[in-house]
$ cat final.txt   # compact mmCIF, C-alpha atoms
# COMPACT_ATOMS: atom_id res chain seq x y z
CA MET K 10 -15.93 -80.65 38.83
CA PHE K 11 -18.63 -78.75 37.05
CA LYS K 12 -19.72 -75.48 38.61
CA PRO K 13 -22.54 -73.32 37.35
CA ARG K 14 -21.72 -69.77 36.36
CA ILE K 15 -22.65 -67.10 38.86
CA ILE K 16 -24.33 -64.29 36.99
CA ALA K 17 -25.07 -60.95 38.59
CA ARG K 18 -28.47 -59.84 37.34
CA LEU K 19 -29.02 -56.09 37.10
CA ASP K 20 -32.54 -54.98 36.29
CA ILE K 21 -32.58 -51.49 34.91
CA LYS K 22 -35.18 -48.80 34.65
CA GLY K 23 -34.10 -45.62 32.95
CA GLU K 24 -30.59 -45.06 34.27
CA TYR K 25 -31.13 -46.79 37.61
CA LEU K 26 -30.52 -50.24 38.92
CA ILE K 27 -33.79 -51.44 40.41
CA LYS K 28 -35.11 -54.50 42.19
CA SER K 29 -38.55 -56.02 42.12
CA ILE K 30 -40.61 -58.61 43.95
CA ASN K 31 -42.43 -61.08 41.70
CA LEU K 32 -41.19 -58.85 38.88
CA GLU K 33 -43.32 -56.01 40.29
CA GLY K 34 -42.97 -53.17 42.78
CA LEU K 35 -39.74 -51.76 41.39
CA ARG K 36 -37.37 -50.08 43.84
CA LYS K 37 -34.24 -48.09 43.02
CA VAL K 38 -31.08 -49.60 44.47
CA GLY K 39 -28.25 -47.73 42.80
CA ASN K 40 -26.06 -46.94 39.84
CA PRO K 41 -25.72 -49.81 37.31
CA ASN K 42 -22.08 -49.15 36.41
CA GLU K 43 -20.90 -48.90 40.03
CA ARG K 44 -22.60 -52.20 40.79
CA ALA K 45 -21.40 -53.87 37.60
CA VAL K 46 -17.80 -52.96 38.38
CA LYS K 47 -18.21 -54.14 41.98
CA TYR K 48 -19.62 -57.53 40.89
CA PHE K 49 -16.87 -57.89 38.28
CA LYS K 50 -14.22 -57.24 40.94
CA ASP K 51 -15.97 -59.59 43.37
CA GLY K 52 -15.63 -62.46 40.89
CA ALA K 53 -18.93 -62.70 39.00
CA ASP K 54 -18.69 -64.94 35.94
CA GLU K 55 -21.07 -62.84 33.90
CA LEU K 56 -23.35 -59.81 34.04
CA LEU K 57 -26.96 -59.76 32.93
CA PHE K 58 -28.71 -56.46 32.29
CA MET K 59 -32.47 -56.44 31.88
CA ASP K 60 -34.34 -53.32 30.87
CA CYS K 61 -37.52 -53.94 32.80
CA VAL K 62 -39.88 -51.56 31.13
CA ALA K 63 -38.54 -51.47 27.59
CA SER K 64 -40.97 -53.99 26.19
CA LEU K 65 -43.77 -52.27 28.01
CA TYR K 66 -43.26 -48.91 26.38
CA GLY K 67 -41.72 -50.13 23.14
CA ARG K 68 -38.67 -47.94 23.37
CA ASN K 69 -34.98 -48.55 22.99
CA ASN K 70 -32.76 -46.17 24.89
CA LEU K 71 -30.82 -48.99 26.40
CA PHE K 72 -27.73 -48.59 24.23
CA ASP K 73 -26.23 -45.65 26.11
CA VAL K 74 -27.11 -47.14 29.49
CA ILE K 75 -25.33 -50.38 28.54
CA LYS K 76 -22.34 -48.58 27.08
CA LYS K 77 -21.87 -46.80 30.40
CA ALA K 78 -22.78 -49.73 32.60
CA ALA K 79 -20.36 -52.09 30.86
CA GLU K 80 -17.38 -49.77 31.24
CA ASN K 81 -14.43 -51.20 33.21
CA THR K 82 -15.88 -54.69 33.38
CA PHE K 83 -14.11 -57.46 31.49
CA ILE K 84 -16.57 -60.34 31.73
CA PRO K 85 -19.40 -61.40 29.40
CA ILE K 86 -22.52 -59.32 29.29
CA THR K 87 -26.02 -60.33 28.29
CA VAL K 88 -28.63 -57.68 27.65
CA GLY K 89 -32.38 -58.07 27.42
CA GLY K 90 -35.43 -55.88 27.24
CA GLY K 91 -37.07 -54.41 24.17
CA ILE K 92 -34.93 -56.14 21.54
CA ARG K 93 -37.22 -56.57 18.57
CA THR K 94 -35.11 -56.53 15.42
CA LEU K 95 -31.71 -57.62 14.09
CA GLU K 96 -30.73 -53.96 14.16
CA ASP K 97 -31.63 -53.67 17.87
CA ALA K 98 -29.44 -56.70 18.51
CA ARG K 99 -26.56 -55.26 16.48
CA ASN K 100 -26.78 -52.00 18.44
CA ILE K 101 -26.82 -53.81 21.76
CA LEU K 102 -23.79 -55.89 20.77
CA ASN K 103 -22.02 -52.71 19.65
CA SER K 104 -22.76 -51.24 23.08
CA GLY K 105 -20.65 -53.89 24.80
CA ALA K 106 -22.98 -56.90 25.04
CA ASP K 107 -21.94 -60.42 24.05
CA LYS K 108 -25.36 -62.02 24.08
CA VAL K 109 -28.84 -60.69 23.54
CA CYS K 110 -31.82 -61.86 25.50
CA ILE K 111 -35.27 -61.90 23.92
CA ASN K 112 -38.69 -62.64 25.31
CA THR K 113 -41.69 -60.71 23.96
CA ALA K 114 -40.34 -60.43 20.42
CA ALA K 115 -39.74 -64.17 20.24
CA ILE K 116 -43.25 -64.98 21.44
CA LYS K 117 -44.76 -62.64 18.87
CA ASN K 118 -42.56 -64.01 16.11
CA PRO K 119 -40.49 -67.13 16.94
CA LYS K 120 -38.65 -66.82 13.63
CA ILE K 121 -36.63 -63.94 15.09
CA ILE K 122 -34.73 -66.56 17.13
CA THR K 123 -33.63 -68.21 13.88
CA ASP K 124 -32.81 -64.91 12.20
CA LEU K 125 -30.70 -63.76 15.16
CA SER K 126 -28.78 -67.00 15.43
CA LYS K 127 -28.08 -67.07 11.68
CA LYS K 128 -26.65 -63.59 11.80
CA PHE K 129 -24.90 -63.54 15.18
CA GLY K 130 -24.48 -67.24 15.92
CA SER K 131 -26.72 -69.21 18.27
CA GLN K 132 -24.23 -68.71 21.14
CA CYS K 133 -25.37 -65.11 21.12
CA VAL K 134 -29.11 -65.72 21.46
CA VAL K 135 -30.64 -66.17 24.90
CA VAL K 136 -34.36 -66.79 25.15
CA SER K 137 -35.76 -65.41 28.38
CA ILE K 138 -38.74 -67.24 29.78
CA GLU K 139 -40.85 -65.84 32.61
CA ALA K 140 -42.70 -68.76 34.15
CA LYS K 141 -45.69 -68.71 36.46
CA LYS K 142 -47.23 -71.75 38.05
CA LYS K 143 -50.74 -72.59 36.86
CA TYR K 144 -51.53 -75.81 38.66
CA ASN K 145 -49.54 -78.88 39.68
CA ASN K 146 -46.57 -79.38 37.37
CA ASN K 147 -47.77 -76.90 34.84
CA TRP K 148 -46.23 -73.49 34.23
CA GLU K 149 -47.28 -70.80 31.79
CA VAL K 150 -45.04 -68.40 29.86
CA TYR K 151 -45.50 -64.71 30.62
CA THR K 152 -44.14 -61.54 29.06
CA HIS K 153 -43.82 -57.88 30.08
CA ASN K 154 -42.36 -58.76 33.49
CA GLY K 155 -45.09 -61.17 34.34
CA ARG K 156 -47.95 -58.93 33.31
CA GLU K 157 -49.12 -60.57 30.10
CA HIS K 158 -49.89 -64.22 29.82
CA THR K 159 -49.35 -66.06 26.55
CA GLY K 160 -51.21 -69.34 26.87
CA LEU K 161 -47.92 -71.14 26.12
CA GLU K 162 -46.77 -73.99 28.33
CA VAL K 163 -43.18 -73.50 29.55
CA LEU K 164 -41.76 -76.85 28.49
CA GLU K 165 -43.25 -76.61 25.00
CA TRP K 166 -41.80 -73.14 24.60
CA VAL K 167 -38.35 -74.29 25.77
CA LYS K 168 -38.36 -77.03 23.14
CA LYS K 169 -39.58 -74.70 20.42
CA SER K 170 -36.95 -72.08 21.31
CA ILE K 171 -34.19 -74.67 21.04
CA LYS K 172 -35.55 -75.87 17.71
CA MET K 173 -35.61 -72.31 16.38
CA GLY K 174 -31.91 -71.86 17.23
CA ALA K 175 -31.67 -70.46 20.76
CA GLY K 176 -28.23 -70.81 22.36
CA GLU K 177 -29.25 -70.48 25.97
CA ILE K 178 -32.38 -70.32 28.12
CA LEU K 179 -32.87 -67.87 30.97
CA LEU K 180 -35.67 -69.21 33.15
CA THR K 181 -37.16 -66.81 35.69
CA SER K 182 -39.72 -67.99 38.19
CA ILE K 183 -42.21 -65.15 38.64
CA ASP K 184 -43.62 -66.81 41.76
CA ASN K 185 -40.24 -66.92 43.51
CA GLU K 186 -38.50 -63.87 42.03
CA GLY K 187 -37.44 -61.33 44.66
CA THR K 188 -38.93 -63.34 47.52
CA GLY K 189 -35.81 -65.04 48.82
CA LYS K 190 -37.85 -68.15 49.55
CA GLY K 191 -35.72 -70.46 47.40
CA PHE K 192 -35.80 -71.66 43.82
CA ASP K 193 -38.83 -73.24 42.18
CA LEU K 194 -37.19 -76.66 42.13
CA ASP K 195 -40.09 -78.46 40.44
CA LEU K 196 -40.04 -76.02 37.56
CA ILE K 197 -36.25 -76.06 37.21
CA SER K 198 -36.02 -79.81 37.45
CA LYS K 199 -38.65 -80.26 34.76
CA VAL K 200 -37.02 -77.78 32.38
CA SER K 201 -33.43 -78.90 32.99
CA LYS K 202 -34.28 -82.43 31.93
CA ALA K 203 -35.53 -81.16 28.56
CA CYS K 204 -32.94 -78.46 28.00
CA SER K 205 -30.17 -79.53 25.62
CA ILE K 206 -28.62 -76.04 25.66
CA PRO K 207 -27.23 -74.14 28.66
CA LEU K 208 -29.86 -73.23 31.23
CA ILE K 209 -29.65 -70.20 33.51
CA VAL K 210 -32.12 -69.99 36.35
CA SER K 211 -33.25 -66.91 38.17
CA GLY K 212 -35.52 -66.14 41.05
CA GLY K 213 -35.73 -67.06 44.70
CA LEU K 214 -32.24 -67.24 46.18
CA GLY K 215 -32.44 -66.01 49.77
CA GLU K 216 -30.11 -68.25 51.75
CA LEU K 217 -26.96 -70.07 50.79
CA ASN K 218 -28.46 -73.50 51.45
CA HIS K 219 -30.92 -72.82 48.63
CA LEU K 220 -27.94 -73.32 46.31
CA GLN K 221 -27.11 -76.75 47.62
CA GLU K 222 -30.72 -77.80 47.25
CA LEU K 223 -30.71 -76.54 43.66
CA LEU K 224 -27.50 -78.34 42.72
CA LYS K 225 -28.58 -81.56 44.38
CA LYS K 226 -31.93 -81.80 42.65
CA THR K 227 -31.29 -80.25 39.23
CA HIS K 228 -28.59 -79.49 36.69
CA VAL K 229 -28.23 -75.83 35.80
CA ASP K 230 -25.45 -74.12 33.88
CA GLY K 231 -25.84 -70.70 35.39
CA ILE K 232 -27.54 -68.96 38.28
CA ALA K 233 -28.63 -65.35 37.84
CA ILE K 234 -28.65 -63.57 41.17
CA ALA K 235 -30.02 -60.13 42.00
CA LYS K 236 -31.52 -59.49 45.43
CA VAL K 237 -28.93 -60.96 47.79
CA LEU K 238 -26.17 -59.16 45.89
CA HIS K 239 -27.91 -55.81 45.55
CA TYR K 240 -28.81 -55.71 49.24
CA ASN K 241 -25.32 -56.92 50.23
CA GLU K 242 -26.75 -59.98 51.97
CA TYR K 243 -24.07 -62.23 50.49
CA LYS K 244 -20.84 -61.74 48.59
CA ILE K 245 -20.15 -63.58 45.34
CA LYS K 246 -17.23 -65.40 46.94
CA ASP K 247 -19.54 -66.74 49.68
CA ILE K 248 -21.90 -67.99 46.99
CA LYS K 249 -19.10 -69.61 44.99
CA LYS K 250 -17.85 -71.45 48.07
CA LYS K 251 -21.20 -73.22 48.27
CA LEU K 252 -21.06 -74.59 44.71
CA MET Y 21 5.93 -45.84 23.18
CA LYS Y 22 2.28 -46.83 23.12
CA LYS Y 23 1.45 -49.85 20.99
CA LYS Y 24 -1.03 -49.27 18.17
CA ILE Y 25 -3.86 -51.72 17.77
CA THR Y 26 -6.19 -51.78 14.79
CA ILE Y 27 -9.47 -53.64 15.18
CA PHE Y 28 -11.06 -54.62 11.90
CA ASP Y 29 -14.75 -53.71 11.91
CA TYR Y 30 -16.71 -56.16 9.76
CA ASP Y 31 -20.07 -55.80 11.46
CA ALA Y 32 -19.83 -59.11 13.30
CA GLY Y 33 -17.59 -58.44 16.24
CA ASN Y 34 -17.95 -57.22 19.80
CA ASN Y 35 -15.73 -54.32 18.81
CA LEU Y 36 -16.34 -52.12 21.83
CA SER Y 37 -15.36 -54.83 24.33
CA VAL Y 38 -12.15 -55.63 22.45
CA TYR Y 39 -11.43 -51.91 22.18
CA ARG Y 40 -11.88 -51.40 25.91
CA ALA Y 41 -9.74 -54.39 26.81
CA PHE Y 42 -6.79 -53.18 24.72
CA LYS Y 43 -7.28 -49.69 26.18
CA ALA Y 44 -6.97 -51.27 29.62
CA CYS Y 45 -3.63 -52.69 28.42
CA GLY Y 46 -2.48 -49.12 27.83
CA ALA Y 47 -2.54 -49.34 24.04
CA ASP Y 48 -3.70 -46.92 21.36
CA VAL Y 49 -6.72 -48.56 19.76
CA GLU Y 50 -8.74 -47.86 16.65
CA ILE Y 51 -11.80 -49.62 15.21
CA THR Y 52 -11.95 -49.32 11.44
CA ASP Y 53 -12.91 -50.87 8.11
CA ASN Y 54 -10.65 -48.45 6.23
CA LEU Y 55 -8.31 -50.55 4.07
CA LYS Y 56 -5.45 -48.05 4.19
CA LYS Y 57 -5.54 -47.98 7.99
CA ILE Y 58 -5.61 -51.75 8.06
CA LYS Y 59 -2.65 -51.87 5.70
CA ASP Y 60 -0.69 -49.45 7.91
CA SER Y 61 -1.59 -51.13 11.20
CA SER Y 62 1.10 -52.56 13.45
CA TYR Y 63 -1.10 -54.99 15.42
CA LEU Y 64 -4.20 -56.17 13.58
CA VAL Y 65 -7.08 -57.77 15.47
CA LEU Y 66 -10.02 -59.64 13.97
CA PRO Y 67 -12.69 -59.80 16.67
CA GLY Y 68 -15.68 -62.02 16.25
CA ASP Y 69 -19.01 -62.79 17.72
CA GLY Y 70 -21.22 -64.06 14.99
CA ALA Y 71 -21.90 -66.59 12.29
CA PHE Y 72 -19.16 -67.73 9.93
CA GLY Y 73 -21.08 -67.34 6.67
CA TYR Y 74 -21.98 -63.72 7.32
CA ALA Y 75 -18.44 -62.89 8.44
CA ALA Y 76 -16.89 -64.55 5.38
CA SER Y 77 -19.20 -62.60 3.07
CA GLN Y 78 -18.28 -59.36 4.88
CA PHE Y 79 -14.55 -60.01 4.43
CA LYS Y 80 -15.19 -60.47 0.72
CA LYS Y 81 -17.46 -57.47 0.38
CA LEU Y 82 -15.05 -55.15 2.21
CA GLU Y 83 -12.19 -56.43 -0.01
CA VAL Y 84 -9.96 -56.69 3.02
CA ILE Y 85 -8.31 -60.06 2.34
CA PRO Y 86 -5.28 -58.74 0.34
CA SER Y 87 -4.59 -56.21 3.13
CA ILE Y 88 -4.64 -58.95 5.75
CA GLN Y 89 -2.37 -61.17 3.66
CA ASN Y 90 -0.03 -58.25 3.14
CA HIS Y 91 0.01 -57.58 6.90
CA ILE Y 92 1.00 -61.18 7.58
CA LYS Y 93 3.65 -61.19 4.85
CA LYS Y 94 5.31 -58.19 6.46
CA GLY Y 95 5.66 -60.19 9.66
CA LYS Y 96 3.34 -57.99 11.72
CA PRO Y 97 1.27 -59.61 14.47
CA LEU Y 98 -2.30 -60.65 13.71
CA LEU Y 99 -4.77 -61.87 16.32
CA GLY Y 100 -8.12 -63.51 15.58
CA ILE Y 101 -10.59 -63.88 18.43
CA CYS Y 102 -13.34 -66.53 18.45
CA LEU Y 103 -15.02 -66.21 15.05
CA GLY Y 104 -12.04 -64.07 14.06
CA MET Y 105 -9.86 -67.13 14.73
CA GLN Y 106 -12.18 -69.51 12.87
CA ILE Y 107 -12.12 -67.27 9.81
CA LEU Y 108 -8.32 -67.74 9.63
CA CYS Y 109 -8.97 -71.35 8.66
CA SER Y 110 -9.84 -72.92 5.33
CA LYS Y 111 -13.53 -73.59 5.66
CA SER Y 112 -16.55 -73.91 7.91
CA GLU Y 113 -19.73 -75.90 7.92
CA GLU Y 114 -21.77 -73.46 10.01
CA PHE Y 115 -25.17 -73.01 8.29
CA GLY Y 116 -23.84 -74.37 4.97
CA SER Y 117 -20.28 -74.59 3.70
CA HIS Y 118 -18.17 -71.42 3.63
CA GLN Y 119 -14.65 -70.53 2.58
CA GLY Y 120 -12.33 -68.92 5.13
CA LEU Y 121 -9.04 -67.06 4.68
CA SER Y 122 -6.98 -70.29 4.55
CA ILE Y 123 -4.14 -68.74 6.54
CA ILE Y 124 -4.17 -71.79 8.79
CA LYS Y 125 -5.12 -75.11 7.28
CA GLY Y 126 -8.10 -76.61 8.97
CA LYS Y 127 -11.82 -76.60 9.10
CA THR Y 128 -14.45 -75.46 11.53
CA VAL Y 129 -16.95 -78.10 12.60
CA LYS Y 130 -19.85 -78.25 15.02
CA ILE Y 131 -19.00 -79.39 18.56
CA LYS Y 132 -20.81 -82.59 19.50
CA SER Y 133 -22.94 -82.34 22.60
CA ASN Y 134 -23.57 -85.11 25.10
CA ILE Y 135 -26.62 -84.22 27.13
CA LYS Y 136 -26.29 -87.18 29.48
CA LYS Y 137 -22.90 -85.87 30.55
CA PHE Y 138 -24.16 -82.28 30.50
CA LEU Y 139 -21.74 -81.42 27.72
CA LYS Y 140 -23.91 -78.77 26.15
CA VAL Y 141 -23.53 -76.84 22.92
CA PRO Y 142 -23.11 -73.89 22.60
CA VAL Y 143 -20.22 -74.07 25.03
CA ILE Y 144 -20.76 -71.11 27.32
CA GLY Y 145 -18.45 -70.67 30.25
CA TRP Y 146 -14.96 -70.79 31.72
CA HIS Y 147 -12.50 -73.53 30.84
CA GLN Y 148 -8.95 -74.23 31.88
CA ILE Y 149 -6.63 -74.12 28.88
CA HIS Y 150 -3.58 -76.27 28.28
CA ILE Y 151 -0.80 -74.69 26.28
CA ASN Y 152 1.43 -76.90 24.15
CA GLU Y 153 5.18 -76.41 24.20
CA ASN Y 154 5.90 -74.14 21.29
CA ASN Y 155 8.39 -71.37 20.58
CA LEU Y 156 5.62 -69.09 19.46
CA LEU Y 157 3.99 -69.26 22.86
CA LYS Y 158 6.91 -68.75 25.21
CA LYS Y 159 5.47 -65.34 26.03
CA LEU Y 160 2.14 -66.91 26.93
CA LYS Y 161 3.49 -69.72 29.06
CA GLY Y 162 2.29 -68.15 32.28
CA HIS Y 163 -1.30 -68.60 31.15
CA ASN Y 164 -1.09 -72.37 31.03
CA LYS Y 165 -3.88 -73.96 33.12
CA LYS Y 166 -5.62 -70.62 33.62
CA LYS Y 167 -9.32 -70.23 32.95
CA PHE Y 168 -10.73 -68.30 30.02
CA TYR Y 169 -14.23 -67.60 28.80
CA PHE Y 170 -15.56 -69.57 25.82
CA LEU Y 171 -18.71 -68.83 23.87
CA HIS Y 172 -19.00 -71.02 20.77
CA SER Y 173 -20.76 -73.88 18.97
CA PHE Y 174 -18.07 -74.58 16.39
CA MET Y 175 -14.48 -75.64 16.84
CA VAL Y 176 -11.39 -75.49 14.69
CA LYS Y 177 -9.61 -78.67 13.65
CA PRO Y 178 -6.15 -77.60 12.45
CA VAL Y 179 -4.56 -79.95 9.91
CA LYS Y 180 -1.00 -79.44 11.13
CA LYS Y 181 -0.34 -80.58 14.67
CA ASN Y 182 2.17 -77.81 15.30
CA GLU Y 183 -0.44 -75.17 14.54
CA LEU Y 184 -2.62 -76.32 17.42
CA LEU Y 185 -1.01 -74.42 20.28
CA GLY Y 186 -3.48 -74.91 23.10
CA TYR Y 187 -6.68 -76.75 23.93
CA TYR Y 188 -9.31 -77.36 26.59
CA ASN Y 189 -11.01 -80.57 27.57
CA PHE Y 190 -14.66 -81.04 26.71
CA GLY Y 191 -15.48 -84.56 27.85
CA LYS Y 192 -13.06 -86.68 25.84
CA GLU Y 193 -12.67 -84.06 23.14
CA LYS Y 194 -9.70 -81.70 23.10
CA ILE Y 195 -11.04 -78.46 21.65
CA ALA Y 196 -8.64 -75.98 20.05
CA ALA Y 197 -8.24 -72.94 22.31
CA ILE Y 198 -5.19 -71.38 20.64
CA ILE Y 199 -3.97 -71.85 17.09
CA GLY Y 200 -1.20 -70.06 15.27
CA LYS Y 201 1.89 -69.94 13.13
CA ASP Y 202 4.65 -67.37 12.74
CA ASN Y 203 3.11 -63.99 13.53
CA VAL Y 204 -0.52 -65.18 13.37
CA LEU Y 205 -2.40 -66.11 16.52
CA GLY Y 206 -5.97 -67.19 17.14
CA PHE Y 207 -7.85 -67.46 20.44
CA GLN Y 208 -11.09 -69.42 20.52
CA PHE Y 209 -11.91 -67.93 23.91
CA HIS Y 210 -12.57 -64.25 24.55
CA PRO Y 211 -9.57 -62.67 26.32
CA GLU Y 212 -11.51 -59.39 26.45
CA LYS Y 213 -14.15 -61.19 28.52
CA SER Y 214 -11.89 -63.35 30.66
CA GLY Y 215 -11.40 -60.94 33.54
CA LEU Y 216 -7.96 -59.71 34.61
CA GLU Y 217 -6.28 -62.91 33.34
CA GLY Y 218 -7.56 -62.01 29.86
CA ILE Y 219 -6.17 -58.48 30.08
CA LYS Y 220 -2.82 -59.93 31.14
CA LEU Y 221 -2.90 -62.22 28.12
CA LEU Y 222 -3.58 -59.32 25.75
CA LYS Y 223 -0.68 -57.42 27.32
CA ASN Y 224 1.51 -60.40 26.55
CA PHE Y 225 0.24 -60.48 22.97
CA LEU Y 226 1.49 -56.91 22.68
CA LYS Y 227 5.01 -58.24 23.31
CA PHE Y 228 4.86 -60.21 20.04

$ encode --input "final.txt" --output "structure tokens"
Amino acid sequence: MFKPRIIARLDIKGEYLIKSINLEGLRKVGNPNERAVKYFKDGADELLFMDCVASLYGRNNLFDVIKKAAENTFIPITVGGGIRTLEDARNILNSGADKVCINTAAIKNPKIITDLSKKFGSQCVVVSIEAKKKYNNNWEVYTHNGREHTGLEVLEWVKKSIKMGAGEILLTSIDNEGTGKGFDLDLISKVSKACSIPLIVSGGLGELNHLQELLKKTHVDGIAIAKVLHYNEYKIKDIKKKL
Amino acid sequence: MKKKITIFDYDAGNNLSVYRAFKACGADVEITDNLKKIKDSSYLVLPGDGAFGYAASQFKKLEVIPSIQNHIKKGKPLLGICLGMQILCSKSEEFGSHQGLSIIKGKTVKIKSNIKKFLKVPVIGWHQIHINENNLLKKLKGHNKKKFYFLHSFMVKPVKKNELLGYYNFGKEKIAAIIGKDNVLGFQFHPEKSGLEGIKLLKNFLKF
């Protein structure tokens, strides 16, 4: 039976692991490498590192952080935040990542999705989409951790990303992120029907029965989890039992 | 004595991860594009995380192909991972048609998706592999039916049946997971990213 991948999501600021609510109000929760190793040992299928403020300040000091954070973990790693060029991507991959995650750069210049997938293969290119509800059944794409709106409609952007060569979509619900109130099922259901490539969803898991709801009503390929892991509310094995 | 592993750096591999995984196996590891070092290597590894066309052009540009052929001729073990396995084959149709190393006869073709059955491409995730009975793989027998991590859009179709050593099921399709002949081995999955089972597998490769 198909089971979605359980992905431990580690948002990073400087050298710290942090956690936000609605992608804002960042709080330090620990050391990224210690947590990465713990989640690897606990049975995570993948790790996702997001440099929260990189795109905000236009800097790229993520390479050393990733090199350290990825040490002694032997599962796939996706890294996002501030990747703007093919060279950035190359450096991130050389630092121990297997996939790169892009958001702002792709919105500014969608062709970078094509360029990345031609050079590194589409399996390597994850397009991260931060979605915020506008009105009934309509979500808008945001960048810069939900600070900047783009005027793009989420479903249109999913389709365009796939057309440009994306290999995977990471869909984060800004409204539900860090709240523990459950997934945005309407959003996920709408996107999953249109998503011909693997879809990872993020944002809202607070109780284990949120998972069953998600799996019953939608099809997702991966679930990126931060809060309940970072605050030791649930263990990965408890989560996997519910799949 | 510590085993010596040489990882060929052709600017399209996840070199650091492969390096760290072999280190965890207790081996001496070096990442290099130096032809002399590649020629003198005892275990040669071609990693891979990229597009076929670019990789093939890099192999040509770095003039490494004679060194690899020489390595194989001497009977020393060679391992290709993911794209590094695909490049062992004759040709690929990823973004145009490209020539591979033709060490194993076969071509690399795009995997067909079936959205209704949620068979999505790229294939990203863990799959149980099935290892065919083969002398070459006696040392890997213990890994039969274990799960490994796959990350690919293209699959290898070996011409000779006995060079397809293991597969995984993708709907009705059997996708090549391990190919090989003599001292040459290719893994479509990423052992360096397949947790402790992957490390165990690499340790077993070092017994070749």

$ residues_around --input "final.txt" --residues "K:Lys190" --least-positions-apart "6" --cutoff "8 Å" --atoms "all atoms listed in the file" --output "MDAnalysis selection string"
chainID K and resid 213:215

$ interface_residues --input "final.txt" --of "chain K" --to "chain Y" --cutoff "8 Å" --atoms "all atoms listed in the file" --output "JSON, numbers by chain"
{"K": [14, 49, 80, 81, 82, 83, 84, 85, 102, 103, 104, 105, 106, 107, 126, 127, 128, 129, 130, 131, 132, 133, 176, 177, 205, 206, 207]}

$ atom_distance --input "final.txt" --atom1 "atom CA of Y:Gln208" --atom2 "atom CA of K:Val136"
23.9 Å

$ atom_distance --input "final.txt" --atom1 "atom CA of K:Leu71" --atom2 "atom CA of K:Thr94"
14.0 Å

$ atom_distance --input "final.txt" --atom1 "atom CA of Y:Asp60" --atom2 "atom CA of Y:Phe209"
26.9 Å

$ residues_around --input "final.txt" --residues "K:Val200" --least-positions-apart "6" --cutoff "9 Å" --atoms "all atoms listed in the file" --output "PyMOL selection string"
chain K and resi 163-164+167+180+208

$ residues_around --input "final.txt" --residues "K:Phe58" --least-positions-apart "3" --cutoff "7 Å" --atoms "only C-alpha atoms" --output "list of chain:residue names"
K:Arg18, K:Leu19, K:Asp20, K:Ile21, K:Thr87, K:Val88, K:Gly89

$ write_last_selection --input "final.txt" --atoms "C-alpha atoms" --output "mmCIF file, in the coordinates of the input"
data_model
loop_
_atom_site.group_PDB
_atom_site.id
_atom_site.type_symbol
_atom_site.label_atom_id
_atom_site.label_comp_id
_atom_site.auth_asym_id
_atom_site.auth_seq_id
_atom_site.Cartn_x
_atom_site.Cartn_y
_atom_site.Cartn_z
ATOM 1 C CA ARG K 18 -28.470 -59.840 37.340
ATOM 2 C CA LEU K 19 -29.020 -56.090 37.100
ATOM 3 C CA ASP K 20 -32.540 -54.980 36.290
ATOM 4 C CA ILE K 21 -32.580 -51.490 34.910
ATOM 5 C CA THR K 87 -26.020 -60.330 28.290
ATOM 6 C CA VAL K 88 -28.630 -57.680 27.650
ATOM 7 C CA GLY K 89 -32.380 -58.070 27.420
#

$ residues_around --input "final.txt" --residues "Y:Tyr188" --least-positions-apart "5" --cutoff "7 Å" --atoms "only C-alpha atoms" --output "ChimeraX atom specification"
/Y:147-150,194-197

$ closest_residue --input "final.txt" --among "K:Leu57, K:Leu217, K:Val74, K:Val62" --to "K:Leu35" --atoms "only C-alpha atoms"
K:Val62

$ closest_residue --input "final.txt" --among "K:Asn154, K:Gly34, K:Lys76, K:Leu125" --to "K:Asp97" --atoms "only C-alpha atoms"
K:Leu125

$ residues_around --input "final.txt" --residues "stretch 80-87 of chain Y" --least-positions-apart "3" --cutoff "8 Å" --atoms "all atoms listed in the file" --output "short mmCIF file (atom, residue, chain, number, x, y, z; two decimals) with C-alpha atoms, in the coordinates of the input"
data_model
loop_
_atom_site.label_atom_id
_atom_site.label_comp_id
_atom_site.auth_asym_id
_atom_site.auth_seq_id
_atom_site.Cartn_x
_atom_site.Cartn_y
_atom_site.Cartn_z
CA TYR Y 30 -16.71 -56.16 9.76
CA ASP Y 53 -12.91 -50.87 8.11
CA LEU Y 55 -8.31 -50.55 4.07
CA ILE Y 58 -5.61 -51.75 8.06
CA LYS Y 59 -2.65 -51.87 5.70
CA ALA Y 76 -16.89 -64.55 5.38
CA SER Y 77 -19.20 -62.60 3.07
CA ASN Y 90 -0.03 -58.25 3.14
CA HIS Y 91 0.01 -57.58 6.90
CA LEU Y 121 -9.04 -67.06 4.68
#

$ closest_residue --input "final.txt" --among "K:Thr123, K:Asn100, K:Ser198, K:Asn118" --to "K:Leu224" --atoms "only C-alpha atoms"
K:Ser198

$ closest_residue --input "final.txt" --among "Y:Phe207, Y:Ile131, Y:Asn152, Y:Asn182" --to "Y:Pro67" --atoms "only C-alpha atoms"
Y:Phe207
